[in-house]
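Written below as structure tokens is the structure these notes are about.
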Amino acid sequence: MRHATLCGTRNDSHAGRSAASRYLLTPLPLSIAPAPPVIRVRDLSKHYPGHMAVQDVSFELAAGETLVLLGPSGCGKTTLLKMLNRLIEPTTGTVEINGVAVGQQRPEVLRRGIGYVIQQVGLLPHYTVAENVGVVPRLLGHTAAAIAERTSALLTRLHLPPVRFADQYPHQLSGGQQQRVGLARALAADPPIMLLDEPFGALDPVTRAGIRREFRELEELRAKTMVLVTHDVTEAFELADRIALLSGGQIQQIGTPHELLFRPANDFVRDFFAAERLALQLRTLRLRDLLPFLPPSTKTALSKSLFLGEINISLSIDEPVSPNYSVQEALEILTAPEASDAAAAQQVADASARYLIIVESDENAPRYRVALPELMAAFAHAIHHAETVWKS
Ligand SMILES: Nc1ncnc2c1ncn2[C@@H]1O[C@H](COP(=O)(O)OP(=O)(O)OP(=O)(O)O)[C@@H](O)[C@H]1O
């Protein structure tokens, strides 16, 4: 498994935490033992009379990793998630958190160390927003001042200004606001592990995409080990370090989004992504993957000052982009007009006049100056290469 031999480095990529960590993987020196998994699931099954909800599931999760449980309705995602914090007891198999079997811990004690977010949010209707957020810290005996400070900071971070929202009741909030309070509540005691079951499920697609973006960039979540359930493929690809794709209670494949897309383990996996294949390829491939396929003429040896000057003078792109950007993000930059700048908007009509400057953090690495047609040609080559490597 990836975390047994590799460690992820978070950075400030525009692409968000998961994408950044996937593409900045650095081999561990052989002398350093890998950290033990935070969550270890072995041969886990749940049988109901006449029905196997989950069958022989095993996986390990490293600290800070996000695993998405993905699959069609009824495939066992929620049952599997709930066995991690003992909301459901397994029929066979074990779950260990930090090396201790969860079956040996009192459920309420176990759950205080694990944040839990569900689609229905489950806010207490007669508690204010602030009281809802403070529930777990109060149980843990935190001081009133510490709870108030933490609540206020979290609400602010989640775009719920405390002055307006702290004293409101759940019924006075929109669905998206309730969802944010649910997230704040789960984060209030700063648990190292978060379990999230369709956390954005009740929202319309636009609100959902917005909250997902905020979620990805939330500082408070950066170091957390997370298991997130969704049936939304785009959501899974945006948020996962690894995805476990389930069907009929069994894991069909577990791996990075790149692995599931380009190296499907079986027909089910391939077919599951077929309808959204191109969109997922655009999200999954990074500019770094395209570099070998760019024509030599795109390589530029501009000095930093010249290069920044050129951007300002002749291009509508203000910032160089990192090779960690997805092809999707690069396309958005190349084709999106600056709303406030009519001249820039005019330039978009001739997209070939716009360039991306792909630049590594290492100053000595080559830079690339790429227009839309070159980008798309390299994308086509990179896809062909990834698929050919898999088939051979
Ligand atoms: N208490 C129960 N008794 C009997 N069968 C159950 C019970 N709970 C769940 N199941 C069955 O187990 C299977 C898995 O259910 P689960 O809720 O884990 O699926 P899911 O993948 O989360 O589905 P969805 O995406 O629709 O929420 C389903 O077929 C469901 O009907």
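Labeling convention for the structure tokens: chains A, B, ... as they appear, residues from 1 per chain, ligands from 1 in order of appearance.
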Residues of region 2-186 of chain A classed as helix (DSSP H, G or I) by DSSP on the backbone are to be reported as a ChimeraX atom specification. /A:2-5,17-23,77-84,102-104,107-112,129-133,135-139,144-157,162-165,170-172,175-186
Let me see the file: selected residues, C-alpha atoms, as a CSV table (one decimal), in the first residue's frame.
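result_13.csv was written with the following content:
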```csv
chain,number,residue,atom,x,y,z
A,2,ARG,CA,1.0,3.5,-0.7
A,3,HIS,CA,1.5,4.6,2.9
A,4,ALA,CA,3.7,1.7,3.7
A,5,THR,CA,6.5,3.0,1.5
A,17,ARG,CA,-4.8,19.1,0.1
A,18,SER,CA,-5.6,15.7,-1.4
A,19,ALA,CA,-4.4,16.5,-4.9
A,20,ALA,CA,-1.3,18.1,-3.6
A,21,SER,CA,-0.4,15.2,-1.4
A,22,ARG,CA,-1.0,12.8,-4.2
A,23,TYR,CA,1.5,14.4,-6.5
A,77,LYS,CA,-20.5,2.1,2.6
A,78,THR,CA,-22.4,3.4,5.6
A,79,THR,CA,-22.4,0.0,7.3
A,80,LEU,CA,-18.6,-0.1,6.9
A,81,LEU,CA,-18.2,3.4,8.2
A,82,LYS,CA,-20.3,2.8,11.2
A,83,MET,CA,-18.3,-0.3,12.2
A,84,LEU,CA,-15.3,2.0,12.6
A,102,VAL,CA,-12.2,-0.7,19.0
A,103,GLY,CA,-14.1,-3.6,20.5
A,104,GLN,CA,-12.0,-3.2,23.7
A,107,PRO,CA,-18.2,3.2,22.6
A,108,GLU,CA,-18.8,6.6,24.1
A,109,VAL,CA,-15.1,7.1,24.9
A,110,LEU,CA,-14.1,5.8,21.5
A,111,ARG,CA,-16.5,8.2,19.8
A,112,ARG,CA,-15.2,11.3,21.7
A,129,VAL,CA,-25.5,27.0,17.1
A,130,ALA,CA,-22.8,27.8,19.7
A,131,GLU,CA,-24.3,25.2,22.1
A,132,ASN,CA,-24.4,22.6,19.4
A,133,VAL,CA,-20.8,23.2,18.5
A,135,VAL,CA,-21.4,19.7,23.0
A,136,VAL,CA,-18.4,17.4,22.8
A,137,PRO,CA,-15.9,19.8,24.4
A,138,ARG,CA,-18.4,20.2,27.3
A,139,LEU,CA,-18.5,16.4,27.7
A,144,ALA,CA,-16.3,27.5,29.2
A,145,ALA,CA,-13.8,30.1,28.0
A,146,ALA,CA,-11.9,27.6,25.9
A,147,ILE,CA,-15.1,26.3,24.4
A,148,ALA,CA,-16.3,29.8,23.6
A,149,GLU,CA,-13.0,30.7,21.9
A,150,ARG,CA,-12.9,27.5,19.9
A,151,THR,CA,-16.5,27.8,18.8
A,152,SER,CA,-16.1,31.4,17.7
A,153,ALA,CA,-12.9,30.6,15.7
A,154,LEU,CA,-14.5,27.6,14.0
A,155,LEU,CA,-17.7,29.4,13.1
A,156,THR,CA,-15.6,32.2,11.6
A,157,ARG,CA,-13.6,29.8,9.6
A,162,PRO,CA,-20.6,34.3,15.4
A,163,VAL,CA,-22.2,37.7,15.8
A,164,ARG,CA,-24.9,36.6,13.5
A,165,PHE,CA,-25.1,32.9,13.9
A,170,PRO,CA,-31.0,25.1,13.7
A,171,HIS,CA,-34.4,25.8,12.2
A,172,GLN,CA,-33.3,29.4,11.4
A,175,GLY,CA,-29.3,23.5,4.7
A,176,GLY,CA,-25.8,24.6,3.8
A,177,GLN,CA,-25.4,26.6,7.0
A,178,GLN,CA,-26.6,23.6,9.1
A,179,GLN,CA,-24.1,21.4,7.3
A,180,ARG,CA,-21.3,23.8,8.3
A,181,VAL,CA,-22.5,23.8,11.9
A,182,GLY,CA,-22.4,20.0,11.8
A,183,LEU,CA,-18.8,20.2,10.5
A,184,ALA,CA,-17.9,22.7,13.2
A,185,ARG,CA,-19.4,20.5,15.9
A,186,ALA,CA,-17.4,17.5,14.7
```
So that I can see what lies close to Val38 (chain A), please list as an mmCIF file with N, CA and C atoms, in the first residue's frame the residues with an atom at most 6 Å from it, counting only C-alpha atoms and leaving out residues fewer than 6 positions away in the same chain.
```cif
data_model
loop_
_atom_site.group_PDB
_atom_site.id
_atom_site.type_symbol
_atom_site.label_atom_id
_atom_site.label_comp_id
_atom_site.auth_asym_id
_atom_site.auth_seq_id
_atom_site.Cartn_x
_atom_site.Cartn_y
_atom_site.Cartn_z
ATOM 1 N N LEU A 61 -5.055 2.766 7.002
ATOM 2 C CA LEU A 61 -5.062 4.202 6.705
ATOM 3 C C LEU A 61 -3.958 4.873 7.508
ATOM 4 N N ALA A 62 -3.121 5.620 6.823
ATOM 5 C CA ALA A 62 -2.016 6.316 7.501
ATOM 6 C C ALA A 62 -2.499 7.645 8.067
ATOM 7 N N ALA A 63 -1.747 8.183 8.997
ATOM 8 C CA ALA A 63 -2.101 9.483 9.591
ATOM 9 C C ALA A 63 -2.198 10.533 8.495
ATOM 10 N N ILE A 97 -7.797 1.168 16.062
ATOM 11 C CA ILE A 97 -7.450 2.587 15.939
ATOM 12 C C ILE A 97 -6.176 2.783 16.751
ATOM 13 N N ASN A 98 -5.164 3.260 16.096
ATOM 14 C CA ASN A 98 -3.849 3.430 16.736
ATOM 15 C C ASN A 98 -3.423 2.165 17.483
#
```
Option closest in space to Val327 (chain A), from A:Glu363, A:Thr284, A:Val117, A:Asp204 [counting only C-alpha atoms]: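 So, comparing all the options, the nearest one is A:Thr284.
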Set the cut-off to 7 Å, count only C-alpha atoms and all ligand atoms, and list whatever residues fall near ligand 1 as a ChimeraX atom specification. /A:48-49,51-53,71-80,231,249
Choose the residue, out of A:Phe379, A:Phe273, A:Tyr325, A:Tyr355, that has the smallest atom-to-atom separation from Thr234 (chain A); count only C-alpha atoms.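 The closest residue to Thr234 (chain A) is A:Phe273.
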Which of A:Leu87, A:Arg367, A:Thr256, A:Arg286 sits closest to Ala330 (chain A) [using only C-alpha atoms]: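 The closest residue to Ala330 (chain A) is A:Arg286.
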Shell around Gly64 (chain A) at 7 Å using only C-alpha atoms, local window under 2 positions removed, as a list in words: Ala62, Thr66, Ala223, Lys224 and Thr225 of chain A
Written file, previous selection with N, CA and C atoms, as a compact mmCIF listing (two decimals), in the first residue's frame:
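File out_26.txt, as written:
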```txt
# COMPACT_ATOMS: atom_id res chain seq x y z
N ALA A 62 -3.12 5.62 6.82
CA ALA A 62 -2.02 6.32 7.50
C ALA A 62 -2.50 7.65 8.07
N THR A 66 -6.83 10.61 3.55
CA THR A 66 -8.28 10.61 3.34
C THR A 66 -8.66 9.44 2.44
N ALA A 223 -4.50 17.90 8.92
CA ALA A 223 -3.74 16.79 9.51
C ALA A 223 -4.63 15.61 9.88
N LYS A 224 -5.91 15.70 9.58
CA LYS A 224 -6.83 14.66 10.06
C LYS A 224 -6.75 13.40 9.19
N THR A 225 -7.01 12.29 9.84
CA THR A 225 -7.20 11.04 9.12
C THR A 225 -8.70 10.91 8.89
```
So which residues touch Val321 (chain A) within 7 Å, counting only C-alpha atoms, skipping near sequence neighbours fewer than 6 positions away, as a PyMOL selection string? chain A and resi 356-359
